[in-house]
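S.K.: Hey, dropping model32.cif in here, mmCIF, C-alpha atoms:
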data_work
#
loop_
_atom_site.label_atom_id
_atom_site.label_comp_id
_atom_site.auth_asym_id
_atom_site.auth_seq_id
_atom_site.Cartn_x
_atom_site.Cartn_y
_atom_site.Cartn_z
CA ASP A 1 -14.58 -9.02 14.41
CA GLY A 2 -15.60 -7.91 10.99
CA ARG A 3 -13.71 -6.74 8.00
CA ASP A 4 -15.79 -3.58 7.90
CA GLY A 5 -13.81 -0.42 8.38
CA ARG A 6 -11.04 -1.63 10.62
CA ASP A 7 -10.57 -5.01 12.25
CA VAL A 8 -11.64 -4.80 15.86
CA LEU A 9 -10.30 -6.97 18.64
CA GLY A 10 -12.38 -6.81 21.78
CA GLY A 11 -13.34 -3.24 21.00
CA ARG A 12 -9.74 -2.11 20.54
CA LYS A 13 -8.82 -0.99 17.05
CA ARG A 14 -6.14 -3.13 15.46
CA SER A 15 -3.72 -0.31 14.90
CA THR A 16 -0.52 -2.14 14.04
CA VAL A 17 0.88 -2.57 10.55
CA LEU A 18 3.14 -5.55 10.05
CA VAL A 19 5.74 -5.72 7.31
CA THR A 20 7.18 -9.23 7.00
CA VAL A 21 9.66 -10.97 4.71
CA GLY A 22 9.52 -14.36 6.39
CA THR A 23 12.85 -16.15 6.36
CA THR A 24 13.97 -14.49 3.16
CA ARG A 25 16.15 -11.57 2.25
CA PHE A 26 14.17 -8.78 0.63
CA ASP A 27 16.18 -5.59 0.90
CA ALA A 28 13.97 -3.62 -1.45
CA LEU A 29 10.87 -4.15 0.68
CA THR A 30 12.52 -3.50 4.03
CA ARG A 31 14.08 -0.33 2.61
CA ALA A 32 10.72 0.77 1.25
CA ALA A 33 9.15 0.24 4.66
CA ASP A 34 11.78 2.49 6.17
CA SER A 35 9.97 5.63 5.12
CA LEU A 36 8.68 8.62 7.04
CA SER A 37 6.29 9.31 4.21
CA LEU A 38 4.80 5.83 4.58
CA VAL A 39 4.56 6.24 8.35
CA ARG A 40 2.76 9.57 7.95
CA LEU A 41 0.34 7.91 5.55
CA LEU A 42 -0.34 5.07 7.99
CA ALA A 43 -0.79 7.49 10.87
CA SER A 44 -3.31 9.46 8.82
CA HIS A 45 -5.34 6.26 8.54
CA GLY A 46 -5.38 5.67 12.27
CA TYR A 47 -2.46 3.29 12.67
CA ASP A 48 -0.03 3.90 15.52
CA ARG A 49 2.58 1.16 15.16
CA LEU A 50 4.70 -0.26 12.38
CA VAL A 51 6.48 -3.54 12.91
CA ILE A 52 9.16 -4.42 10.36
CA GLN A 53 10.38 -8.01 10.37
CA ILE A 54 13.43 -8.03 8.15
CA GLY A 55 14.47 -11.70 8.12
CA SER A 56 17.87 -11.99 6.52
CA SER A 57 17.67 -8.68 4.71
CA GLU A 58 20.48 -6.20 5.23
CA THR A 59 20.26 -3.91 8.23
CA PHE A 60 19.34 -0.43 7.11
CA PHE A 61 21.40 2.03 9.10
CA PRO A 62 21.32 4.94 9.16
CA SER A 63 17.59 4.63 8.91
CA GLU A 64 14.88 7.20 8.35
CA LEU A 65 12.74 5.67 11.05
CA LEU A 66 15.15 4.13 13.51
CA GLY A 67 17.81 6.85 13.44
CA ASP A 68 21.52 6.31 13.21
CA GLY A 69 23.90 5.35 15.98
CA GLU A 70 25.58 2.32 17.40
CA ARG A 71 22.69 -0.10 17.51
CA THR A 72 22.60 -3.15 15.34
CA LEU A 73 19.90 -5.73 14.90
CA GLU A 74 22.03 -8.35 16.57
CA ASP A 75 20.68 -6.92 19.83
CA GLY A 76 17.24 -8.23 18.96
CA THR A 77 14.51 -5.68 18.66
CA ILE A 78 14.85 -1.98 18.07
CA THR A 79 12.08 0.50 18.74
CA ALA A 80 11.82 4.15 17.87
CA THR A 81 9.24 6.92 17.74
CA PRO A 82 9.79 8.77 14.47
CA LEU A 83 6.46 10.53 14.78
CA ASP A 84 4.50 11.68 17.78
CA GLY A 85 2.32 8.79 18.91
CA PHE A 86 3.70 6.40 16.30
CA GLN A 87 6.05 3.62 17.24
CA VAL A 88 8.29 1.67 14.90
CA THR A 89 9.71 -1.71 15.88
CA CYS A 90 12.23 -3.69 13.91
CA PHE A 91 13.71 -7.17 14.28
CA ARG A 92 15.00 -10.06 12.23
CA TYR A 93 13.06 -13.00 13.56
CA ALA A 94 10.68 -13.85 16.33
CA PRO A 95 9.89 -17.37 17.57
CA THR A 96 6.41 -16.71 16.29
CA LEU A 97 4.73 -13.79 14.54
CA GLN A 98 1.39 -14.80 16.02
CA ASP A 99 1.19 -12.02 18.63
CA VAL A 100 2.12 -9.27 16.21
CA MET A 101 -0.16 -10.79 13.61
CA ASP A 102 -3.05 -10.74 16.10
CA GLU A 103 -2.60 -7.01 16.60
CA ALA A 104 -2.19 -6.17 12.95
CA GLY A 105 -4.89 -4.30 11.08
CA LEU A 106 -2.82 -4.54 7.90
CA VAL A 107 -0.11 -6.90 6.75
CA ILE A 108 2.43 -6.06 4.05
CA SER A 109 4.12 -9.30 3.18
CA HIS A 110 6.72 -10.61 0.80
CA ALA A 111 4.95 -12.79 -1.69
CA GLY A 112 5.99 -16.14 -0.25
CA ALA A 113 3.12 -18.58 -0.07
CA GLY A 114 3.73 -19.34 3.59
CA SER A 115 3.54 -15.73 4.70
CA ILE A 116 0.60 -14.85 2.49
CA PHE A 117 -1.50 -17.75 3.67
CA GLU A 118 -0.46 -17.20 7.27
CA GLY A 119 -1.90 -13.70 6.99
CA LEU A 120 -5.01 -14.82 5.13
CA ARG A 121 -5.80 -17.63 7.55
CA ALA A 122 -5.49 -15.08 10.39
CA GLY A 123 -8.16 -13.03 8.62
CA LYS A 124 -5.79 -10.18 7.83
CA ARG A 125 -6.05 -7.58 5.09
CA LEU A 126 -2.90 -8.23 3.17
CA ILE A 127 -0.74 -6.53 0.55
CA ALA A 128 1.62 -8.97 -1.13
CA VAL A 129 4.87 -7.67 -2.60
CA PRO A 130 6.61 -9.97 -5.11
CA ASN A 131 10.38 -9.99 -5.06
CA ARG A 132 11.38 -9.26 -8.64
CA ASP A 133 14.97 -10.28 -7.96
CA LEU A 134 14.04 -13.90 -7.40
CA MET A 135 14.73 -16.51 -10.04
CA ASP A 136 11.80 -16.88 -12.45
CA ASN A 137 9.59 -14.67 -10.32
CA HIS A 138 7.12 -17.46 -9.65
CA GLN A 139 5.75 -15.45 -6.76
CA ALA A 140 3.95 -13.21 -9.22
CA ASP A 141 1.72 -16.07 -10.42
CA LEU A 142 0.38 -16.81 -6.97
CA CYS A 143 -0.13 -13.12 -6.25
CA ALA A 144 -1.99 -12.54 -9.49
CA HIS A 145 -4.23 -15.52 -8.84
CA LEU A 146 -5.08 -14.52 -5.27
CA LYS A 147 -5.65 -10.91 -6.31
CA SER A 148 -7.99 -11.79 -9.14
CA SER A 149 -9.84 -14.11 -6.80
CA GLY A 150 -10.29 -11.11 -4.52
CA TYR A 151 -8.27 -12.22 -1.51
CA ILE A 152 -5.35 -9.80 -1.46
CA GLU A 153 -3.91 -6.60 -2.82
CA VAL A 154 -0.63 -6.78 -4.72
CA ALA A 155 1.98 -4.06 -4.98
CA ASP A 156 5.45 -3.49 -6.29
CA VAL A 157 8.00 -2.14 -3.88
CA ASP A 158 7.67 1.28 -5.50
CA GLY A 159 3.91 1.28 -5.22
CA LEU A 160 3.54 0.59 -1.51
CA GLU A 161 1.89 3.85 -0.52
CA GLU A 162 -0.57 3.70 -3.40
CA ALA A 163 -1.44 0.15 -2.35
CA VAL A 164 -2.07 1.26 1.21
CA VAL A 165 -4.39 4.00 -0.06
CA ARG A 166 -6.22 1.44 -2.26
CA MET A 167 -6.50 -0.91 0.67
CA GLU A 168 -7.87 1.73 3.01
CA ARG A 169 -10.44 2.67 0.42
CA ARG A 170 -11.82 -0.86 0.06
CA PRO A 171 -11.90 -2.45 3.50
CA VAL A 172 -14.91 -4.61 2.78
CA ASP A 173 -14.15 -5.75 -0.74
CA LEU A 174 -11.65 -8.40 0.16
CA LYS A 175 -12.93 -11.94 0.36
CA ALA A 176 -12.35 -13.87 3.54
CA TYR A 177 -10.04 -16.82 2.93
CA GLU A 178 -11.67 -20.02 4.10
CA GLY A 179 -8.50 -21.96 4.70
CA GLY A 180 -6.78 -24.87 3.10
CA ILE A 181 -8.49 -28.01 2.03
CA PRO A 182 -6.84 -30.96 3.72
CA GLY A 183 -6.86 -34.09 1.67
CA ILE A 184 -3.41 -34.65 0.29
CA GLY A 185 -2.20 -36.43 3.43
CA GLU A 186 -5.26 -38.62 3.38
CA ALA A 187 -4.75 -39.45 -0.28
CA ILE A 188 -1.12 -40.37 0.34
CA LEU A 189 -1.96 -42.63 3.26
CA GLY A 190 -4.77 -44.22 1.30
CA ASP A 191 -2.49 -45.13 -1.54
CA PHE A 192 0.27 -46.26 0.79
CA PHE A 193 -1.76 -48.68 2.85
CA GLN A 194 -3.47 -49.97 -0.23
CA HIS A 195 -0.13 -50.95 -1.67
CA LEU A 196 1.39 -52.27 1.53
CA MET B 1 29.35 -33.00 -21.32
CA ILE B 2 29.11 -34.01 -17.66
CA PHE B 3 25.61 -32.63 -17.57
CA ALA B 4 24.65 -34.80 -20.54
CA ALA B 5 26.12 -37.82 -18.78
CA ALA B 6 24.23 -37.06 -15.58
CA LEU B 7 21.02 -36.58 -17.51
CA ALA B 8 21.60 -39.83 -19.38
CA ALA B 9 22.19 -41.62 -16.10
CA ALA B 10 18.97 -40.23 -14.68
CA LEU B 11 17.03 -41.26 -17.74
CA ALA B 12 18.57 -44.72 -17.69
CA ALA B 13 17.53 -45.10 -14.07
CA ALA B 14 14.01 -44.03 -14.86
CA LEU B 15 13.91 -46.41 -17.78
CA ALA B 16 15.07 -49.26 -15.56
CA VAL B 17 12.23 -48.47 -13.24
CA CYS B 18 9.71 -48.32 -16.01
CA LEU B 19 10.80 -51.70 -17.31
CA GLY B 20 10.24 -53.14 -13.85
CA LEU B 21 13.88 -53.89 -13.40
CA ALA B 22 13.86 -52.44 -9.88
CA LEU B 23 16.73 -54.21 -8.27
CA GLY B 24 17.83 -54.03 -4.70
CA ARG B 25 16.23 -54.46 -1.38
CA ARG B 26 12.63 -54.74 -0.41
CA SER B 27 11.31 -51.63 1.25
CA GLY B 28 11.65 -51.59 5.01
CA GLY B 29 10.07 -49.78 7.89
CA THR B 30 10.88 -46.17 7.14
CA CYS B 31 9.30 -43.12 5.55
CA LEU B 32 11.55 -40.52 3.99
CA PHE B 33 10.57 -36.85 3.95
CA VAL B 34 12.78 -34.31 2.20
CA LEU B 35 12.77 -30.84 3.77
CA GLY B 36 14.20 -28.53 1.15
CA SER B 37 14.43 -25.35 3.20
CA GLY B 38 12.41 -22.15 3.26
CA GLY B 39 9.01 -22.41 1.72
CA HIS B 40 9.44 -26.07 0.83
CA THR B 41 9.97 -27.04 4.46
CA ALA B 42 7.06 -24.94 5.67
CA GLU B 43 4.67 -26.62 3.22
CA MET B 44 5.98 -30.10 3.97
CA VAL B 45 5.63 -29.57 7.73
CA GLN B 46 2.12 -28.27 7.23
CA LEU B 47 1.26 -31.34 5.15
CA LEU B 48 2.81 -33.80 7.58
CA LYS B 49 1.20 -32.15 10.62
CA GLY B 50 -2.19 -33.18 9.35
CA MET B 51 -1.12 -36.42 7.77
CA LEU B 52 0.79 -37.85 10.73
CA SER B 53 -1.80 -36.92 13.34
CA SER B 54 -4.76 -38.52 11.61
CA GLY B 55 -5.93 -42.03 12.44
CA ASP B 56 -4.06 -43.56 9.54
CA GLY B 57 -1.15 -41.27 10.33
CA GLU B 58 -0.87 -42.77 13.76
CA ARG B 59 -0.99 -46.19 12.19
CA LEU B 60 1.86 -45.11 9.94
CA ARG B 61 3.90 -43.82 12.86
CA ARG B 62 3.42 -47.01 14.80
CA GLY B 63 4.77 -49.10 11.96
CA PHE B 64 7.31 -46.80 10.32
CA ARG B 65 10.17 -44.64 11.49
CA ARG B 66 10.36 -41.22 9.90
CA VAL B 67 13.55 -39.96 8.30
CA TYR B 68 13.80 -36.24 7.62
CA VAL B 69 16.39 -35.32 5.02
CA VAL B 70 17.72 -31.79 5.43
CA ALA B 71 20.71 -29.89 4.12
CA LYS B 72 23.67 -29.69 6.51
CA THR B 73 23.51 -25.90 6.36
CA ASP B 74 19.80 -25.78 7.11
CA ALA B 75 19.41 -25.76 10.89
CA LEU B 76 15.94 -24.26 10.69
CA SER B 77 14.44 -27.20 8.79
CA ALA B 78 15.97 -29.65 11.24
CA ARG B 79 14.41 -27.71 14.11
CA LYS B 80 11.04 -27.74 12.41
CA ALA B 81 11.21 -31.50 11.93
CA VAL B 82 12.01 -32.01 15.60
CA ALA B 83 9.24 -29.63 16.65
CA LEU B 84 6.80 -31.50 14.43
CA GLU B 85 7.65 -34.90 15.88
CA GLU B 86 7.62 -33.58 19.43
CA SER B 87 4.19 -32.08 18.87
CA LEU B 88 3.06 -35.58 17.88
CA GLY B 89 4.48 -37.00 21.09
CA SER B 90 6.94 -39.19 19.24
CA SER B 91 9.73 -40.99 21.03
CA ASP B 92 13.23 -39.91 20.04
CA SER B 93 13.99 -43.27 18.50
CA SER B 94 11.02 -43.20 16.17
CA TYR B 95 12.46 -40.57 13.86
CA ARG B 96 15.81 -39.45 12.50
CA ILE B 97 17.25 -36.27 10.99
CA GLU B 98 19.62 -37.01 8.10
CA ARG B 99 21.83 -34.11 7.08
CA ILE B 100 23.24 -34.08 3.59
CA ASP B 101 25.25 -31.70 1.45
CA ARG B 102 23.13 -29.50 -0.72
CA ALA B 103 23.10 -30.43 -4.40
CA ARG B 104 23.75 -26.79 -5.11
CA GLU B 105 23.74 -23.52 -3.20
CA VAL B 106 21.89 -20.46 -4.41
CA GLY B 107 24.08 -18.51 -6.80
CA GLN B 108 26.62 -21.30 -7.23
CA SER B 109 28.50 -21.34 -10.54
CA TYR B 110 27.47 -23.74 -13.27
CA ILE B 111 30.56 -25.93 -13.16
CA THR B 112 30.66 -26.36 -9.38
CA SER B 113 26.92 -27.01 -9.49
CA LEU B 114 27.48 -29.99 -11.77
CA VAL B 115 30.17 -31.41 -9.50
CA SER B 116 28.10 -31.01 -6.36
CA THR B 117 25.03 -32.44 -8.10
CA LEU B 118 26.96 -35.54 -9.08
CA ARG B 119 28.33 -35.86 -5.56
CA SER B 120 24.85 -35.58 -4.15
CA PHE B 121 23.75 -38.46 -6.40
CA VAL B 122 26.30 -40.64 -4.64
CA THR B 123 25.41 -39.47 -1.13
CA THR B 124 21.71 -39.92 -1.65
CA ALA B 125 22.16 -43.41 -3.09
CA SER B 126 23.84 -44.48 0.13
CA LEU B 127 21.11 -42.85 2.20
CA VAL B 128 18.29 -44.50 0.29
CA TRP B 129 20.07 -47.87 0.34
CA ARG B 130 20.51 -47.75 4.10
CA TYR B 131 16.95 -46.74 4.94
CA ARG B 132 15.15 -48.55 2.10
CA PRO B 133 12.05 -46.39 2.60
CA GLY B 134 8.59 -47.72 1.90
CA MET B 135 7.36 -44.16 1.43
CA VAL B 136 9.08 -41.07 0.07
CA VAL B 137 7.34 -37.69 0.12
CA VAL B 138 8.95 -34.72 -1.63
CA ASN B 139 7.69 -31.32 -2.68
CA GLY B 140 10.11 -29.84 -5.10
CA PRO B 141 13.56 -28.70 -4.01
CA GLY B 142 16.41 -29.83 -6.25
CA THR B 143 17.68 -32.26 -3.62
CA CYS B 144 14.62 -34.40 -4.03
CA LEU B 145 15.34 -35.54 -7.57
CA PRO B 146 18.28 -37.87 -6.88
CA ILE B 147 16.51 -39.26 -3.82
CA VAL B 148 13.43 -40.05 -5.83
CA VAL B 149 15.43 -41.68 -8.62
CA TRP B 150 17.36 -43.88 -6.19
CA ALA B 151 14.21 -44.81 -4.28
CA ARG B 152 12.57 -46.06 -7.45
CA VAL B 153 15.67 -47.94 -8.61
CA LEU B 154 17.04 -49.38 -5.38
CA VAL B 155 13.98 -50.10 -3.27
CA ARG B 156 11.33 -52.55 -4.41
CA GLY B 157 7.84 -51.55 -3.42
CA CYS B 158 8.70 -47.96 -2.50
CA ARG B 159 5.87 -45.51 -3.06
CA VAL B 160 7.00 -42.04 -4.09
CA TYR B 161 4.68 -39.08 -3.64
CA TYR B 162 5.27 -35.62 -5.13
CA VAL B 163 3.35 -32.57 -3.97
CA GLU B 164 3.82 -29.52 -6.18
CA SER B 165 4.11 -26.27 -4.30
CA ILE B 166 1.01 -24.21 -3.52
CA ALA B 167 2.84 -21.34 -5.21
CA ARG B 168 2.51 -23.12 -8.57
CA VAL B 169 -0.92 -22.06 -9.75
CA ASP B 170 -0.87 -22.51 -13.49
CA HIS B 171 2.32 -24.30 -14.36
CA LEU B 172 4.66 -26.83 -12.78
CA SER B 173 8.08 -26.14 -11.35
CA LEU B 174 11.09 -27.50 -13.23
CA THR B 175 11.48 -30.32 -10.70
CA GLY B 176 7.80 -31.13 -11.02
CA ARG B 177 7.99 -31.23 -14.82
CA MET B 178 10.95 -33.60 -14.65
CA LEU B 179 9.32 -35.93 -12.15
CA LEU B 180 6.07 -35.99 -14.09
CA THR B 181 7.77 -36.63 -17.41
CA LEU B 182 9.92 -39.41 -15.98
CA GLY B 183 6.93 -40.90 -14.19
CA LEU B 184 8.79 -41.18 -10.93
CA ALA B 185 5.98 -40.37 -8.48
CA ASN B 186 4.36 -43.80 -8.62
CA GLY B 187 2.27 -43.18 -5.51
CA GLY B 188 0.82 -39.92 -6.70
CA PHE B 189 1.68 -36.54 -8.23
CA PHE B 190 -0.35 -33.83 -6.53
CA VAL B 191 -1.00 -30.25 -7.57
CA GLN B 192 -2.74 -27.87 -5.22
CA TRP B 193 -4.78 -25.80 -7.63
CA LYS B 194 -7.68 -27.10 -9.66
CA GLU B 195 -6.69 -24.86 -12.58
CA LEU B 196 -3.37 -26.65 -12.86
CA ALA B 197 -4.94 -30.09 -12.45
CA ASP B 198 -7.37 -29.34 -15.26
CA LYS B 199 -4.52 -28.16 -17.46
CA LEU B 200 -2.65 -31.41 -16.86
CA LYS B 201 -5.72 -33.45 -17.68
CA GLY B 202 -5.65 -36.72 -15.78
CA ARG B 203 -1.89 -36.94 -15.34
CA VAL B 204 -1.97 -35.46 -11.85
CA ARG B 205 -4.15 -35.61 -8.75
CA HIS B 206 -5.80 -32.71 -7.00
CA ALA B 207 -6.66 -33.40 -3.40
CA GLY B 208 -6.81 -29.97 -1.81
CA ARG B 209 -4.29 -27.44 -0.51
CA VAL B 210 -2.05 -27.41 2.52
CA TYR B 211 -2.82 -23.79 3.33
#
Show me this structure written as structure tokens.

M.R.:
Amino acid sequence: DGRDGRDVLGGRKRSTVLVTVGTTRFDALTRAADSLSLVRLLASHGYDRLVIQIGSSETFFPSELLGDGERTLEDGTITATPLDGFQVTCFRYAPTLQDVMDEAGLVISHAGAGSIFEGLRAGKRLIAVPNRDLMDNHQADLCAHLKSSGYIEVADVDGLEEAVVRMERRPVDLKAYEGGIPGIGEAILGDFFQHL
Amino acid sequence: MIFAAALAAALAAALAVCLGLALGRRSGGTCLFVLGSGGHTAEMVQLLKGMLSSGDGERLRRGFRRVYVVAKTDALSARKAVALEESLGSSDSSYRIERIDRAREVGQSYITSLVSTLRSFVTTASLVWRYRPGMVVVNGPGTCLPIVVWARVLVRGCRVYYVESIARVDHLSLTGRMLLTLGLANGGFFVQWKELADKLKGRVRHAGRVY
């Protein structure tokens, strides 16, 4: 599978968009994902599913995409079809995001290092969204560094749609992330046994 | 006032260490890993996955029991520690989960933070004394500071390793700055970005990235 045009898995277009906040609470991002305008934009670029993983963010009911009514996220997963042929799924946590990640052609992630690198190591095109409400906003440093190195796009919560447009315009520009460089564990063990 | 006293105590402890006045017990057969929740835990687990499954890692596991220090309120980190050890095929008796009170909760007031920080200094002293770890690996949450201080003061021969978060690209976290200034990571102070290592010119090690 290449990064040209759209990621392809066995000939099938990867037509899912994943929004993830990891284990954190990031109300601003989950609320921004809850947008018919965003869904229309994604649909116009060939996506047909939006998965919103909200972690410990507040539930957003009534919701533009999921409708109102009695459901709560304590049930697990909620699915709705706000647009013909476009499905939206929402949940707090899954044992693993691997399956959804596999099917994702685009990942919009809170700017936690774990989530960003999880997406990058899976070869995903990724938009990182720093959480400005966090203490000292250290997420912004990592984002800026990875963006200037050409690995990711970065967006503020208010600039999500523009970021998607930018991303769709430059599918081949992003550099493939080669993965971590193991060595710290080795260095620790080396020192430890030397001093034993 | 209390904060000044706590700071003075920490500095005194570090000074004692620097002067080689490490009292207390010889290090025994345990390794202590602090899982500070959220991103800290994820990075630590990622680090340990590789470290403990390597050849030398197996040698370590044969000779040393692992102690994972987690906050009482952090069930997720405890689960991740168990999952890690089970993936290594470890016997139940070869590792332990130690649950402690958090030094401070997110959003806690200043005054109650001081009280709980002081209390955590006492709890962690007891923990370190009991386990007398030969190795301590920490990566930045506030809870790690008292543990590191006690390890250096109470346990002769303990090697302390600090791994700054991968999220710190061009400057250290507050915890990292304190540990580096006090010289507490006698085994090694690691940063994960070359830019940061270059900036800290020779005072830190750069040995790759966990992700």

S.K.: Quick one: residues within 10 Å of B:Arg203, all atoms listed in the file, excluding same-chain residues fewer than 2 positions away - as an MDAnalysis selection string?

M.R.: chainID B and resid 180:181 183 188:190 197:201 205

S.K.: Select, as JSON, numbers by chain, those residues of chain B with any atom no more than 6 Å from chain A (distances computed using all atoms listed in the file).

M.R.: {"B": [51, 167, 207, 208, 209, 210, 211]}

S.K.: Which distance in Å separates atom CA of A:Val129 and atom CA of A:Ser109, to one decimal?

M.R.: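 Taking atom CA of A:Val129 and atom CA of A:Ser109, their separation equals 6.1 Å.
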
S.K.: If you count all atoms listed in the file, which residues fall within 9 Å of stretch 143-160 of chain B, apart from same-chain ones fewer than 5 positions away, as an NGL selection string?

M.R.: (:A and (191-192 or 195-196)) or (:B and (10 or 13-14 or 16-17 or 21-28 or 34-36 or 71 or 102-104 or 117 or 120-122 or 124-125 or 127-129 or 132-138 or 175 or 178-179 or 184-189))

S.K.: When you look at stretch 89-94 of chain A with a cut-off of 9 Å (counting all atoms listed in the file), what residues show up, excluding the ones that are within fewer than 5 positions of it in the same chain? I need them as an MDAnalysis selection string.

M.R.: chainID A and resid 22:23 49:57 66 73:81

S.K.: Suppose you want the space between atom CA of A:Asn131 and atom CA of B:Ser165; what is it in Å?

M.R.: 17.5 Å

S.K.: Is it possible to add N, CA, C and O atoms to stretch 33-48 of chain A and hand it back as a PDB file, in the frame of the given file?

M.R.:
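Saved to selection_6.pdb:
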ATOM      1  N   ALA A  33       9.924   0.071   3.439  1.00  0.00           N
ATOM      2  CA  ALA A  33       9.150   0.240   4.660  1.00  0.00           C
ATOM      3  C   ALA A  33       9.766   1.304   5.554  1.00  0.00           C
ATOM      4  O   ALA A  33       9.092   1.898   6.400  1.00  0.00           O
ATOM      5  N   ASP A  34      11.058   1.535   5.357  1.00  0.00           N
ATOM      6  CA  ASP A  34      11.780   2.490   6.170  1.00  0.00           C
ATOM      7  C   ASP A  34      11.536   3.901   5.624  1.00  0.00           C
ATOM      8  O   ASP A  34      12.416   4.539   5.047  1.00  0.00           O
ATOM      9  N   SER A  35      10.350   4.393   5.791  1.00  0.00           N
ATOM     10  CA  SER A  35       9.970   5.630   5.120  1.00  0.00           C
ATOM     11  C   SER A  35       9.055   6.475   5.981  1.00  0.00           C
ATOM     12  O   SER A  35       7.988   6.020   6.412  1.00  0.00           O
ATOM     13  N   LEU A  36       9.488   7.695   6.224  1.00  0.00           N
ATOM     14  CA  LEU A  36       8.680   8.620   7.040  1.00  0.00           C
ATOM     15  C   LEU A  36       7.377   8.950   6.313  1.00  0.00           C
ATOM     16  O   LEU A  36       6.320   9.096   6.940  1.00  0.00           O
ATOM     17  N   SER A  37       7.475   9.010   5.014  1.00  0.00           N
ATOM     18  CA  SER A  37       6.290   9.310   4.210  1.00  0.00           C
ATOM     19  C   SER A  37       5.248   8.205   4.374  1.00  0.00           C
ATOM     20  O   SER A  37       4.048   8.469   4.527  1.00  0.00           O
ATOM     21  N   LEU A  38       5.722   6.945   4.384  1.00  0.00           N
ATOM     22  CA  LEU A  38       4.800   5.830   4.580  1.00  0.00           C
ATOM     23  C   LEU A  38       4.199   5.882   5.980  1.00  0.00           C
ATOM     24  O   LEU A  38       2.990   5.681   6.165  1.00  0.00           O
ATOM     25  N   VAL A  39       5.039   6.170   6.967  1.00  0.00           N
ATOM     26  CA  VAL A  39       4.560   6.240   8.350  1.00  0.00           C
ATOM     27  C   VAL A  39       3.508   7.335   8.504  1.00  0.00           C
ATOM     28  O   VAL A  39       2.477   7.136   9.155  1.00  0.00           O
ATOM     29  N   ARG A  40       3.749   8.476   7.876  1.00  0.00           N
ATOM     30  CA  ARG A  40       2.760   9.570   7.950  1.00  0.00           C
ATOM     31  C   ARG A  40       1.437   9.120   7.335  1.00  0.00           C
ATOM     32  O   ARG A  40       0.359   9.430   7.850  1.00  0.00           O
ATOM     33  N   LEU A  41       1.541   8.414   6.220  1.00  0.00           N
ATOM     34  CA  LEU A  41       0.340   7.910   5.550  1.00  0.00           C
ATOM     35  C   LEU A  41      -0.421   6.951   6.469  1.00  0.00           C
ATOM     36  O   LEU A  41      -1.639   7.047   6.642  1.00  0.00           O
ATOM     37  N   LEU A  42       0.305   6.039   7.097  1.00  0.00           N
ATOM     38  CA  LEU A  42      -0.340   5.070   7.990  1.00  0.00           C
ATOM     39  C   LEU A  42      -0.978   5.781   9.183  1.00  0.00           C
ATOM     40  O   LEU A  42      -2.094   5.457   9.589  1.00  0.00           O
ATOM     41  N   ALA A  43      -0.253   6.754   9.728  1.00  0.00           N
ATOM     42  CA  ALA A  43      -0.790   7.490  10.870  1.00  0.00           C
ATOM     43  C   ALA A  43      -2.076   8.209  10.486  1.00  0.00           C
ATOM     44  O   ALA A  43      -3.028   8.265  11.270  1.00  0.00           O
ATOM     45  N   SER A  44      -2.108   8.726   9.262  1.00  0.00           N
ATOM     46  CA  SER A  44      -3.310   9.460   8.820  1.00  0.00           C
ATOM     47  C   SER A  44      -4.502   8.533   8.702  1.00  0.00           C
ATOM     48  O   SER A  44      -5.645   8.987   8.680  1.00  0.00           O
ATOM     49  N   HIS A  45      -4.240   7.219   8.605  1.00  0.00           N
ATOM     50  CA  HIS A  45      -5.340   6.260   8.540  1.00  0.00           C
ATOM     51  C   HIS A  45      -5.588   5.582   9.883  1.00  0.00           C
ATOM     52  O   HIS A  45      -6.261   4.556   9.945  1.00  0.00           O
ATOM     53  N   GLY A  46      -5.032   6.152  10.944  1.00  0.00           N
ATOM     54  CA  GLY A  46      -5.380   5.670  12.270  1.00  0.00           C
ATOM     55  C   GLY A  46      -4.457   4.611  12.833  1.00  0.00           C
ATOM     56  O   GLY A  46      -4.684   4.092  13.911  1.00  0.00           O
ATOM     57  N   TYR A  47      -3.396   4.254  12.131  1.00  0.00           N
ATOM     58  CA  TYR A  47      -2.460   3.290  12.670  1.00  0.00           C
ATOM     59  C   TYR A  47      -1.479   3.995  13.603  1.00  0.00           C
ATOM     60  O   TYR A  47      -1.173   5.170  13.424  1.00  0.00           O
ATOM     61  N   ASP A  48      -0.987   3.257  14.618  1.00  0.00           N
ATOM     62  CA  ASP A  48      -0.030   3.900  15.520  1.00  0.00           C
ATOM     63  C   ASP A  48       1.227   3.063  15.742  1.00  0.00           C
ATOM     64  O   ASP A  48       2.074   3.393  16.563  1.00  0.00           O
TER      65      ASP A  48
END
